[in-house]
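Visitor: Structure file start28.cif (mmCIF, C-alpha atoms) is given on the next line.
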data_target
loop_
_atom_site.group_PDB
_atom_site.id
_atom_site.type_symbol
_atom_site.label_atom_id
_atom_site.label_comp_id
_atom_site.auth_asym_id
_atom_site.auth_seq_id
_atom_site.Cartn_x
_atom_site.Cartn_y
_atom_site.Cartn_z
ATOM 1 C CA MET S 1 -1.883 -13.279 20.140
ATOM 2 C CA LEU S 2 -0.447 -16.405 21.750
ATOM 3 C CA THR S 3 -0.926 -18.328 18.489
ATOM 4 C CA ALA S 4 0.839 -15.509 16.636
ATOM 5 C CA THR S 5 3.831 -15.604 18.999
ATOM 6 C CA VAL S 6 4.242 -19.370 18.554
ATOM 7 C CA LEU S 7 4.186 -18.981 14.761
ATOM 8 C CA TRP S 8 6.665 -16.079 14.848
ATOM 9 C CA GLY S 9 9.013 -17.929 17.181
ATOM 10 C CA VAL S 10 9.090 -21.093 15.050
ATOM 11 C CA ALA S 11 9.372 -18.992 11.872
ATOM 12 C CA PHE S 12 12.853 -17.796 12.930
ATOM 13 C CA SER S 13 14.140 -21.309 12.254
ATOM 14 C CA ALA S 14 12.492 -21.390 8.818
ATOM 15 C CA GLN S 15 13.855 -17.929 8.025
ATOM 16 C CA SER S 16 17.351 -19.010 9.068
ATOM 17 C CA ARG S 17 17.223 -22.082 6.801
ATOM 18 C CA GLY S 18 15.877 -19.988 3.946
ATOM 19 C CA MET S 19 19.010 -17.821 4.060
ATOM 20 C CA ASP S 20 21.018 -20.877 2.951
ATOM 21 C CA PHE S 21 19.441 -20.566 -0.510
ATOM 22 C CA VAL S 22 18.245 -16.990 -1.177
ATOM 23 C CA HIS S 23 19.058 -13.459 -0.044
ATOM 24 C CA PRO S 24 17.036 -11.225 2.343
ATOM 25 C CA MET S 25 15.020 -9.104 -0.101
ATOM 26 C CA LEU S 26 14.025 -12.033 -2.303
ATOM 27 C CA PHE S 27 12.983 -14.095 0.722
ATOM 28 C CA THR S 28 10.882 -11.152 1.963
ATOM 29 C CA ALA S 29 9.228 -10.765 -1.457
ATOM 30 C CA LEU S 30 8.466 -14.492 -1.721
ATOM 31 C CA ARG S 31 6.956 -14.817 1.760
ATOM 32 C CA SER S 32 4.960 -11.614 1.219
ATOM 33 C CA ILE S 33 3.352 -12.753 -2.044
ATOM 34 C CA VAL S 34 2.386 -16.043 -0.377
ATOM 35 C CA GLY S 35 0.874 -14.020 2.479
ATOM 36 C CA VAL S 36 -1.120 -11.922 -0.010
ATOM 37 C CA THR S 37 -2.442 -15.023 -1.784
ATOM 38 C CA ALA S 38 -3.500 -16.695 1.468
ATOM 39 C CA LEU S 39 -5.199 -13.526 2.722
ATOM 40 C CA LEU S 40 -7.095 -13.035 -0.563
ATOM 41 C CA VAL S 41 -8.578 -16.512 -0.081
ATOM 42 C CA VAL S 42 -9.571 -15.632 3.500
ATOM 43 C CA ILE S 43 -11.100 -12.324 2.369
ATOM 44 C CA GLY S 44 -13.103 -14.127 -0.329
ATOM 45 C CA ILE S 45 -14.490 -16.634 2.178
ATOM 46 C CA PHE S 46 -15.362 -13.901 4.706
ATOM 47 C CA ASP S 47 -17.096 -11.826 2.024
ATOM 48 C CA LEU S 48 -19.203 -14.775 0.841
ATOM 49 C CA VAL S 49 -20.248 -15.539 4.422
ATOM 50 C CA LYS S 50 -20.907 -11.939 5.458
ATOM 51 C CA PHE S 51 -22.165 -10.296 2.256
ATOM 52 C CA GLY S 52 -23.104 -13.287 0.082
ATOM 53 C CA LYS S 53 -20.782 -12.018 -2.669
ATOM 54 C CA LEU S 54 -17.206 -10.912 -3.302
ATOM 55 C CA THR S 55 -16.560 -7.219 -2.614
ATOM 56 C CA LEU S 56 -13.578 -4.943 -3.234
ATOM 57 C CA TRP S 57 -13.691 -2.829 -0.079
ATOM 58 C CA GLY S 58 -15.648 -4.991 2.366
ATOM 59 C CA SER S 59 -17.004 -2.879 5.197
ATOM 60 C CA ALA S 60 -15.061 0.233 4.078
ATOM 61 C CA ALA S 61 -18.147 1.958 2.681
ATOM 62 C CA THR S 62 -17.118 5.630 2.582
ATOM 63 C CA PRO S 63 -14.244 7.266 0.644
ATOM 64 C CA GLN S 64 -12.638 8.284 3.945
ATOM 65 C CA GLU S 65 -12.655 4.685 5.212
ATOM 66 C CA ARG S 66 -11.097 3.504 1.954
ATOM 67 C CA ARG S 67 -8.364 6.142 2.161
ATOM 68 C CA GLU S 68 -7.626 5.062 5.741
ATOM 69 C CA LEU S 69 -7.409 1.422 4.641
ATOM 70 C CA LEU S 70 -5.046 2.170 1.748
ATOM 71 C CA ALA S 71 -2.894 4.545 3.777
ATOM 72 C CA GLY S 72 -2.682 2.103 6.681
ATOM 73 C CA GLY S 73 -1.771 -0.773 4.367
ATOM 74 C CA TRP S 74 0.917 1.278 2.636
ATOM 75 C CA TRP S 75 2.588 2.530 5.807
ATOM 76 C CA CYS S 76 2.405 -0.888 7.501
ATOM 77 C CA GLY S 77 3.844 -2.452 4.340
ATOM 78 C CA LEU S 78 6.710 0.022 4.112
ATOM 79 C CA VAL S 79 7.715 -0.444 7.739
ATOM 80 C CA ILE S 80 7.366 -4.235 7.751
ATOM 81 C CA THR S 81 9.471 -4.508 4.587
ATOM 82 C CA LEU S 82 12.343 -2.633 6.220
ATOM 83 C CA ALA S 83 12.022 -4.685 9.413
ATOM 84 C CA SER S 84 11.813 -8.028 7.579
ATOM 85 C CA VAL S 85 14.831 -7.323 5.366
ATOM 86 C CA CYS S 86 16.903 -6.305 8.403
ATOM 87 C CA GLN S 87 15.815 -9.441 10.256
ATOM 88 C CA GLN S 88 16.592 -11.701 7.290
ATOM 89 C CA ALA S 89 19.994 -10.073 6.823
ATOM 90 C CA GLY S 90 20.712 -10.608 10.507
ATOM 91 C CA LEU S 91 19.863 -14.306 10.304
ATOM 92 C CA LYS S 92 22.709 -14.784 7.807
ATOM 93 C CA TYR S 93 25.211 -14.058 10.569
ATOM 94 C CA THR S 94 23.581 -15.034 13.874
ATOM 95 C CA THR S 95 21.366 -17.761 15.352
ATOM 96 C CA ALA S 96 17.571 -17.986 15.354
ATOM 97 C CA GLY S 97 17.538 -17.899 19.177
ATOM 98 C CA LYS S 98 19.620 -14.723 19.425
ATOM 99 C CA THR S 99 17.544 -13.120 16.698
ATOM 100 C CA GLY S 100 14.347 -13.909 18.602
ATOM 101 C CA PHE S 101 15.533 -12.300 21.817
ATOM 102 C CA LEU S 102 17.073 -9.239 20.172
ATOM 103 C CA THR S 103 13.946 -8.714 18.047
ATOM 104 C CA ALA S 104 11.834 -8.859 21.226
ATOM 105 C CA LEU S 105 13.559 -5.663 22.409
ATOM 106 C CA TYR S 106 10.828 -3.804 20.501
ATOM 107 C CA ILE S 107 8.586 -4.405 23.516
ATOM 108 C CA VAL S 108 10.883 -2.175 25.572
ATOM 109 C CA ILE S 109 11.459 0.275 22.700
ATOM 110 C CA VAL S 110 7.735 0.934 22.050
ATOM 111 C CA PRO S 111 7.121 2.777 25.339
ATOM 112 C CA LEU S 112 10.410 4.647 24.862
ATOM 113 C CA LEU S 113 9.142 5.955 21.533
ATOM 114 C CA GLY S 114 6.209 7.303 23.504
ATOM 115 C CA ILE S 115 8.558 10.100 24.616
ATOM 116 C CA PHE S 116 8.025 11.700 21.202
ATOM 117 C CA PHE S 117 4.274 11.673 21.906
ATOM 118 C CA LYS S 118 4.763 13.352 25.289
ATOM 119 C CA ARG S 119 4.242 10.157 27.283
ATOM 120 C CA LYS S 120 6.638 10.396 30.209
ATOM 121 C CA PRO S 121 8.515 7.113 30.885
ATOM 122 C CA THR S 122 8.298 5.684 34.393
ATOM 123 C CA LEU S 123 11.247 4.695 36.586
ATOM 124 C CA ILE S 124 10.337 1.023 35.969
ATOM 125 C CA LEU S 125 10.708 1.591 32.225
ATOM 126 C CA TRP S 126 14.179 3.098 32.616
ATOM 127 C CA ILE S 127 15.195 0.137 34.787
ATOM 128 C CA SER S 128 13.841 -2.184 32.078
ATOM 129 C CA VAL S 129 15.913 -0.400 29.427
ATOM 130 C CA ILE S 130 19.079 -0.789 31.503
ATOM 131 C CA LEU S 131 18.303 -4.477 32.048
ATOM 132 C CA ALA S 132 17.603 -4.985 28.335
ATOM 133 C CA LEU S 133 20.911 -3.362 27.386
ATOM 134 C CA SER S 134 22.728 -5.482 29.971
ATOM 135 C CA GLY S 135 21.078 -8.640 28.665
ATOM 136 C CA SER S 136 21.979 -7.722 25.080
ATOM 137 C CA TYR S 137 25.579 -7.204 26.204
ATOM 138 C CA LEU S 138 25.671 -10.701 27.676
ATOM 139 C CA LEU S 139 23.848 -12.292 24.746
ATOM 140 C CA CYS S 140 26.095 -10.713 22.102
ATOM 141 C CA GLY S 141 29.362 -10.941 24.054
ATOM 142 C CA GLY S 142 29.936 -7.224 24.515
ATOM 143 C CA LEU S 143 29.831 -4.211 22.208
ATOM 144 C CA GLY S 144 33.176 -5.109 20.666
ATOM 145 C CA THR S 145 31.932 -8.498 19.494
ATOM 146 C CA ILE S 146 28.452 -7.614 18.205
ATOM 147 C CA ASN S 147 28.574 -8.838 14.623
ATOM 148 C CA ARG S 148 26.821 -7.261 11.657
ATOM 149 C CA GLY S 149 23.939 -9.734 11.952
ATOM 150 C CA GLU S 150 23.184 -8.686 15.516
ATOM 151 C CA TRP S 151 23.281 -5.001 14.534
ATOM 152 C CA PHE S 152 20.802 -5.768 11.737
ATOM 153 C CA VAL S 153 18.470 -7.475 14.245
ATOM 154 C CA ILE S 154 18.714 -4.566 16.704
ATOM 155 C CA ALA S 155 17.752 -2.233 13.830
ATOM 156 C CA CYS S 156 14.866 -4.625 13.072
ATOM 157 C CA ALA S 157 13.645 -4.320 16.690
ATOM 158 C CA VAL S 158 13.543 -0.525 16.399
ATOM 159 C CA ILE S 159 11.624 -0.702 13.099
ATOM 160 C CA TYR S 160 9.163 -3.277 14.466
ATOM 161 C CA SER S 161 8.469 -0.841 17.306
ATOM 162 C CA ILE S 162 7.355 1.683 14.709
ATOM 163 C CA HIS S 163 5.239 -1.028 13.030
ATOM 164 C CA ILE S 164 3.342 -1.642 16.281
ATOM 165 C CA MET S 165 2.607 2.073 16.601
ATOM 166 C CA VAL S 166 1.413 2.287 12.984
ATOM 167 C CA ILE S 167 -0.898 -0.704 13.554
ATOM 168 C CA ASP S 168 -2.225 0.990 16.697
ATOM 169 C CA ARG S 169 -3.028 4.024 14.528
ATOM 170 C CA TYR S 170 -5.037 2.125 11.889
ATOM 171 C CA ALA S 171 -6.257 -1.246 13.271
ATOM 172 C CA GLY S 172 -9.240 0.203 15.128
ATOM 173 C CA LYS S 173 -10.500 1.948 11.984
ATOM 174 C CA CYS S 174 -9.987 -0.707 9.305
ATOM 175 C CA ASP S 175 -10.880 -4.261 8.317
ATOM 176 C CA CYS S 176 -7.845 -6.021 9.805
ATOM 177 C CA VAL S 177 -7.679 -8.822 7.225
ATOM 178 C CA ARG S 178 -7.773 -6.342 4.320
ATOM 179 C CA LEU S 179 -5.291 -4.088 6.112
ATOM 180 C CA SER S 180 -2.900 -7.021 6.491
ATOM 181 C CA CYS S 181 -3.407 -8.036 2.843
ATOM 182 C CA ILE S 182 -2.609 -4.533 1.536
ATOM 183 C CA GLN S 183 0.367 -4.451 3.894
ATOM 184 C CA PHE S 184 1.857 -7.537 2.235
ATOM 185 C CA MET S 185 0.974 -6.311 -1.253
ATOM 186 C CA ALA S 186 3.108 -3.253 -0.530
ATOM 187 C CA ALA S 187 5.836 -5.445 0.977
ATOM 188 C CA THR S 188 5.880 -7.686 -2.116
ATOM 189 C CA VAL S 189 6.322 -4.734 -4.474
ATOM 190 C CA LEU S 190 8.915 -2.976 -2.302
ATOM 191 C CA ALA S 191 11.014 -6.088 -1.645
ATOM 192 C CA ALA S 192 10.886 -7.168 -5.316
ATOM 193 C CA ALA S 193 11.934 -3.657 -6.362
ATOM 194 C CA GLY S 194 14.794 -3.905 -3.854
ATOM 195 C CA VAL S 195 15.985 -7.145 -5.484
ATOM 196 C CA LEU S 196 16.189 -5.361 -8.860
ATOM 197 C CA ILE S 197 17.570 -2.028 -7.630
ATOM 198 C CA PHE S 198 20.315 -3.544 -5.470
ATOM 199 C CA ARG S 199 20.931 -6.395 -7.950
ATOM 200 C CA GLU S 200 20.537 -9.044 -5.294
ATOM 201 C CA PRO S 201 21.734 -12.357 -6.809
ATOM 202 C CA TRP S 202 19.187 -15.152 -7.150
ATOM 203 C CA SER S 203 18.624 -18.425 -8.987
ATOM 204 C CA GLY S 204 15.678 -20.668 -9.813
ATOM 205 C CA SER S 205 17.233 -23.530 -7.859
ATOM 206 C CA GLY S 206 17.620 -21.304 -4.791
ATOM 207 C CA ILE S 207 13.933 -20.361 -4.932
ATOM 208 C CA VAL S 208 12.883 -23.997 -5.304
ATOM 209 C CA ASN S 209 15.189 -25.241 -2.515
ATOM 210 C CA SER S 210 13.954 -22.561 -0.122
ATOM 211 C CA LEU S 211 10.277 -23.080 -1.041
ATOM 212 C CA PRO S 212 9.231 -24.905 2.185
ATOM 213 C CA PHE S 213 10.691 -22.095 4.287
ATOM 214 C CA TRP S 214 9.183 -19.074 2.534
ATOM 215 C CA MET S 215 5.883 -20.923 2.142
ATOM 216 C CA PHE S 216 5.719 -21.550 5.901
ATOM 217 C CA CYS S 217 6.695 -17.970 6.700
ATOM 218 C CA GLY S 218 4.264 -16.587 4.116
ATOM 219 C CA ILE S 219 1.264 -18.541 5.383
ATOM 220 C CA GLY S 220 2.050 -19.008 9.086
ATOM 221 C CA SER S 221 4.075 -15.948 10.028
ATOM 222 C CA SER S 222 2.822 -13.352 7.516
ATOM 223 C CA ALA S 223 -0.791 -14.205 6.648
ATOM 224 C CA VAL S 224 -1.904 -15.780 9.922
ATOM 225 C CA ALA S 225 0.300 -14.301 12.672
ATOM 226 C CA PHE S 226 0.380 -10.654 11.558
ATOM 227 C CA THR S 227 -3.371 -10.664 10.926
ATOM 228 C CA LEU S 228 -3.956 -12.160 14.386
ATOM 229 C CA GLN S 229 -1.716 -9.419 15.811
ATOM 230 C CA MET S 230 -3.877 -6.731 14.224
ATOM 231 C CA VAL S 231 -7.072 -8.358 15.504
ATOM 232 C CA ALA S 232 -5.564 -8.813 18.982
ATOM 233 C CA GLN S 233 -4.369 -5.208 19.191
ATOM 234 C CA LYS S 234 -7.896 -4.137 18.272
ATOM 235 C CA TYR S 235 -9.434 -5.901 21.295
ATOM 236 C CA LEU S 236 -6.721 -6.626 23.879
ATOM 237 C CA HIS S 237 -5.303 -4.266 26.467
ATOM 238 C CA PRO S 238 -1.829 -3.158 25.247
ATOM 239 C CA VAL S 239 -0.110 -4.600 28.335
ATOM 240 C CA THR S 240 -1.745 -8.010 27.847
ATOM 241 C CA ALA S 241 -0.880 -8.023 24.138
ATOM 242 C CA THR S 242 2.776 -7.106 24.636
ATOM 243 C CA LEU S 243 3.252 -9.591 27.474
ATOM 244 C CA LEU S 244 2.024 -12.358 25.166
ATOM 245 C CA MET S 245 4.213 -11.049 22.333
ATOM 246 C CA SER S 246 7.269 -11.281 24.588
ATOM 247 C CA LEU S 247 6.937 -15.083 24.486
ATOM 248 C CA GLU S 248 8.024 -14.958 20.825
ATOM 249 C CA SER S 249 11.643 -14.917 21.964
ATOM 250 C CA VAL S 250 11.176 -18.062 24.040
ATOM 251 C CA PHE S 251 9.637 -19.943 21.112
ATOM 252 C CA ALA S 252 12.480 -18.700 18.886
ATOM 253 C CA VAL S 253 15.087 -20.316 21.166
ATOM 254 C CA LEU S 254 13.035 -23.517 21.450
ATOM 255 C CA GLY S 255 12.614 -23.617 17.670
ATOM 256 C CA GLY S 256 16.328 -23.058 17.087
ATOM 257 C CA TRP S 257 17.159 -25.866 19.528
ATOM 258 C CA LEU S 258 14.547 -28.266 18.138
ATOM 259 C CA PHE S 259 14.906 -27.685 14.390
ATOM 260 C CA LEU S 260 18.411 -26.252 13.918
ATOM 261 C CA HIS S 261 20.181 -27.902 16.892
ATOM 262 C CA GLU S 262 21.389 -24.501 18.102
ATOM 263 C CA MET S 263 22.896 -24.301 21.571
ATOM 264 C CA LEU S 264 23.460 -21.208 23.698
ATOM 265 C CA SER S 265 26.322 -20.824 26.159
ATOM 266 C CA ALA S 266 25.716 -20.140 29.857
ATOM 267 C CA ARG S 267 26.495 -16.445 29.296
ATOM 268 C CA GLU S 268 24.113 -16.229 26.346
ATOM 269 C CA LEU S 269 21.349 -17.981 28.310
ATOM 270 C CA ALA S 270 21.902 -15.509 31.150
ATOM 271 C CA GLY S 271 21.559 -12.678 28.637
ATOM 272 C CA CYS S 272 18.276 -14.175 27.385
ATOM 273 C CA GLY S 273 17.021 -14.361 30.958
ATOM 274 C CA VAL S 274 17.906 -10.722 31.674
ATOM 275 C CA ILE S 275 16.253 -9.509 28.441
ATOM 276 C CA PHE S 276 13.116 -11.543 29.176
ATOM 277 C CA SER S 277 12.992 -10.068 32.704
ATOM 278 C CA ALA S 278 13.309 -6.564 31.230
ATOM 279 C CA ILE S 279 10.468 -7.256 28.792
ATOM 280 C CA ILE S 280 8.145 -8.483 31.543
ATOM 281 C CA LEU S 281 9.117 -5.654 33.912
ATOM 282 C CA SER S 282 8.522 -2.998 31.243
ATOM 283 C CA GLN S 283 4.911 -4.154 30.849
ATOM 284 C CA LEU S 284 3.947 -4.300 34.525
ATOM 285 C CA PRO S 285 1.526 -1.507 35.525
ATOM 286 C CA ILE S 286 3.839 -0.277 38.294
ATOM 287 C CA GLY S 287 3.987 3.488 38.509
ATOM 288 C CA ARG S 288 1.458 3.941 35.669
ATOM 289 C CA LYS S 289 -1.298 6.461 36.044
ATOM 290 C CA LYS S 290 -4.804 5.037 36.031
ATOM 291 C CA ALA S 291 -6.881 6.056 33.026
#
Using structure tokens, write down the structure from this file.
Guide:
Amino acid sequence: MLTATVLWGVAFSAQSRGMDFVHPMLFTALRSIVGVTALLVVIGIFDLVKFGKLTLWGSAATPQERRELLAGGWWCGLVITLASVCQQAGLKYTTAGKTGFLTALYIVIVPLLGIFFKRKPTLILWISVILALSGSYLLCGGLGTINRGEWFVIACAVIYSIHIMVIDRYAGKCDCVRLSCIQFMAATVLAAAGVLIFREPWSGSGIVNSLPFWMFCGIGSSAVAFTLQMVAQKYLHPVTATLLMSLESVFAVLGGWLFLHEMLSARELAGCGVIFSAIILSQLPIGRKKA
């Protein structure tokens, strides 16, 4: 999970640079097809080691297991496409560092969504929500100055929260590498369809110029990091996993500073600090009932 957070954090810089050449849906389609290709290679190697031959379904032996794998891949792919497009659109108008911290709000949103599953939020969680909102206010300069990019990233955080819950539903029942591969197959088709339906402009030169950025995101962020997330969520305690995931925002700011020479003001840094405190506080087992 720690490796995944480093890759995600650095990927914000690559995603931001990619927006200089192509638009959000095309970038999402390109990184997704690279992720699919990389994961197919991994699946082939695993199959040869484990089974001595290439297989279609791997360990999904029964029809029910195959239906679960396909359904999980489809729903994960649908949700991650929406989240990725929102995040890419946001990066056109705001910095990689801000995007990282606003995206990390999903760690506070996930337990809030638990309300719909009759999981009563604790007082600590409500305090975390208030802190997160306060930090977002400082980071974005107030509600009146939140630009369209920041609204896109906030929407992305909400959608990523749903993605985590969908993964939690399927990861324990499926081959995680195949689940991730089907996820990005769905994302490739959906994002490419979006390019055609919404007539998103593109050019061959834009694709070529942005190649290093969508290649890095496709291999590092999509194929490796999201697969590691699925594996981690299968074995790690949810609190441990989400605490590690919260470090994504820190690596996003460091990446923006190192690769894009982005600088945050004192107020924006204070907002980052408040959001990070809210994220950590929301995951502490204070006031939680023992299982």
Visitor: Contacts of region 110-119 of chain S at 8 Å or less, counting all atoms listed in the file, minus same-chain residues fewer than 3 places along, as a list in words?
Guide: Tyr106, Ile107, Leu125, Ser161, Ile162, Ile164 and Met165 of chain S
Visitor: Would you work out the distance separating CA of Phe213 (chain S) from CA of Gly18 (chain S), expressed in Å to one decimal?
Guide: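 Between these atoms lies a distance of 5.6 Å.
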Visitor: Return the single residue from S:Gly206, S:Ser32, S:Lys53, S:Thr95 that is closest to Ala192 (chain S), with distances computed using all atoms listed in the file.
Guide: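 Checking each candidate against Ala192 (chain S), we get S:Ser32 as the closest.
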Visitor: Near Phe27 (chain S), counting only C-alpha atoms, which residues have an atom at most 9 Å away, once you skip same-chain residues fewer than 4 positions from it, shown as a compact mmCIF listing (two decimals) with C-alpha atoms, keeping the file's coordinate frame?
Guide:
# COMPACT_ATOMS: atom_id res chain seq x y z
CA GLN S 15 13.86 -17.93 8.02
CA GLY S 18 15.88 -19.99 3.95
CA MET S 19 19.01 -17.82 4.06
CA VAL S 22 18.24 -16.99 -1.18
CA HIS S 23 19.06 -13.46 -0.04
CA ARG S 31 6.96 -14.82 1.76
CA SER S 32 4.96 -11.61 1.22
CA VAL S 85 14.83 -7.32 5.37
CA GLN S 88 16.59 -11.70 7.29
CA ALA S 191 11.01 -6.09 -1.64
CA ILE S 207 13.93 -20.36 -4.93
CA SER S 210 13.95 -22.56 -0.12
CA TRP S 214 9.18 -19.07 2.53
Visitor: Can you turn the PyMOL selection byres ((chain S and resi 174) around 10) into a concrete residue list for this file, as a list in words?
Guide: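 Listing what the PyMOL selection byres ((chain S and resi 174) around 10) selects in the shown file: Gly58, Ser59, Ala60, Glu65, Arg66, Glu68, Leu69, Leu70, Gly72, Gly73, Arg169, Tyr170, Ala171, Gly172, Lys173, Asp175, Cys176, Val177, Arg178, Leu179, Ser180, Met230 and Lys234 of chain S.
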Visitor: Residues within 9 Å of Cys217 (chain S), please, as a PyMOL selection string. Count all atoms listed in the file; anything in the same chain fewer than 3 positions from it doesn't count.
Guide: chain S and resi 7-8+11-12+14-15+31-32+34-35+212-214+220-223
Visitor: Write a file of the just-selected residues containing C-alpha atoms, as a PDB file, in the frame of the given file.
Guide:
ATOM      1  CA  LEU S   7       4.186 -18.981  14.761  1.00  0.00           C
ATOM      2  CA  TRP S   8       6.665 -16.079  14.848  1.00  0.00           C
ATOM      3  CA  ALA S  11       9.372 -18.992  11.872  1.00  0.00           C
ATOM      4  CA  PHE S  12      12.853 -17.796  12.930  1.00  0.00           C
ATOM      5  CA  ALA S  14      12.492 -21.390   8.818  1.00  0.00           C
ATOM      6  CA  GLN S  15      13.855 -17.929   8.025  1.00  0.00           C
ATOM      7  CA  ARG S  31       6.956 -14.817   1.760  1.00  0.00           C
ATOM      8  CA  SER S  32       4.960 -11.614   1.219  1.00  0.00           C
ATOM      9  CA  VAL S  34       2.386 -16.043  -0.377  1.00  0.00           C
ATOM     10  CA  GLY S  35       0.874 -14.020   2.479  1.00  0.00           C
ATOM     11  CA  PRO S 212       9.231 -24.905   2.185  1.00  0.00           C
ATOM     12  CA  PHE S 213      10.691 -22.095   4.287  1.00  0.00           C
ATOM     13  CA  TRP S 214       9.183 -19.074   2.534  1.00  0.00           C
ATOM     14  CA  GLY S 220       2.050 -19.008   9.086  1.00  0.00           C
ATOM     15  CA  SER S 221       4.075 -15.948  10.028  1.00  0.00           C
ATOM     16  CA  SER S 222       2.822 -13.352   7.516  1.00  0.00           C
ATOM     17  CA  ALA S 223      -0.791 -14.205   6.648  1.00  0.00           C
TER      18      ALA S 223
END
Visitor: Report, in Å to a single decimal, how far apart CA of Gly256 (chain S) and CA of Ile219 (chain S) are.
Guide: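 CA of Gly256 (chain S) lies 19.6 Å from CA of Ile219 (chain S).
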Visitor: Name the residues that the PyMOL selection byres ((chain S and resi 102) around 9) picks from the file above, as a list in words, using the file's chain letters and numbers.
Guide: Gly97, Lys98, Thr99, Gly100, Phe101, Thr103, Ala104, Leu105, Tyr106, Ser136, Leu139, Glu150, Val153, Ile154, Cys156, Ala157, Ser249, Cys272 and Ile275 of chain S
Visitor: CA of Val6 (chain S) and CA of Ala225 (chain S), how far apart in Å?
Guide: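 Between CA of Ala225 (chain S) and CA of Val6 (chain S) the gap works out to 8.7 Å.
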Visitor: Give the centre and edge lengths of an axis-aligned box, in Å to one decimal, that holds all listed atoms of region 51-69 of chain S with 8 Å on each side, as AutoDock Vina command-line options.
Guide:
--center_x -15.3 --center_y -2.5 --center_z 1.2 --size_x 31.7 --size_y 37.6 --size_z 25.0
Visitor: I'd like the neighbourhood of Cys140 (chain S) as a short mmCIF file (atom, residue, chain, number, x, y, z; two decimals) with C-alpha atoms, keeping the file's coordinate frame, where a residue qualifies if any of its atoms comes within 9 Å (using all atoms listed in the file), though same-chain residues fewer than 5 positions away should be ignored.
Guide:
data_model
loop_
_atom_site.label_atom_id
_atom_site.label_comp_id
_atom_site.auth_asym_id
_atom_site.auth_seq_id
_atom_site.Cartn_x
_atom_site.Cartn_y
_atom_site.Cartn_z
CA LYS S 98 19.62 -14.72 19.42
CA GLY S 135 21.08 -8.64 28.66
CA THR S 145 31.93 -8.50 19.49
CA ILE S 146 28.45 -7.61 18.20
CA ASN S 147 28.57 -8.84 14.62
CA GLU S 150 23.18 -8.69 15.52
CA GLU S 268 24.11 -16.23 26.35
CA GLY S 271 21.56 -12.68 28.64
#
Visitor: Point out the residue among S:Leu264, S:Asp20, S:Gln64, S:Ile279 with the least atom-to-atom distance to Asn209 (chain S), counting all atoms listed in the file.
Guide: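 Answer, going by the shortest atom-to-atom distance: S:Asp20.
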Visitor: So which residues get picked by the PyMOL selection byres ((chain S and resi 78) around 10) here, written as a ChimeraX atom specification?
Guide: /S:72-77,79-83,163,183-184,186-191
Visitor: Report as a ChimeraX atom specification all protein, DNA and RNA residues lying within 10 Å of region 258-261 of chain S, evaluated on only C-alpha atoms, omitting residues in the same chain fewer than 2 positions from it.
Guide: /S:10,13-14,16-17,95-97,252-256,263
Visitor: Of the candidates S:Ile130, S:Leu247, S:Ile45, S:Met185, which one gets nearest to Ala278 (chain S) if we count only C-alpha atoms?
Guide: S:Ile130
Visitor: Return the single residue from S:Ile124, S:Met25, S:Ala155, S:Leu39 that is closest to Thr227 (chain S), with distances computed using all atoms listed in the file.
Guide: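 Going through S:Ile124, S:Met25, S:Ala155, S:Leu39 one by one, the smallest distance to Thr227 (chain S) is for S:Leu39.
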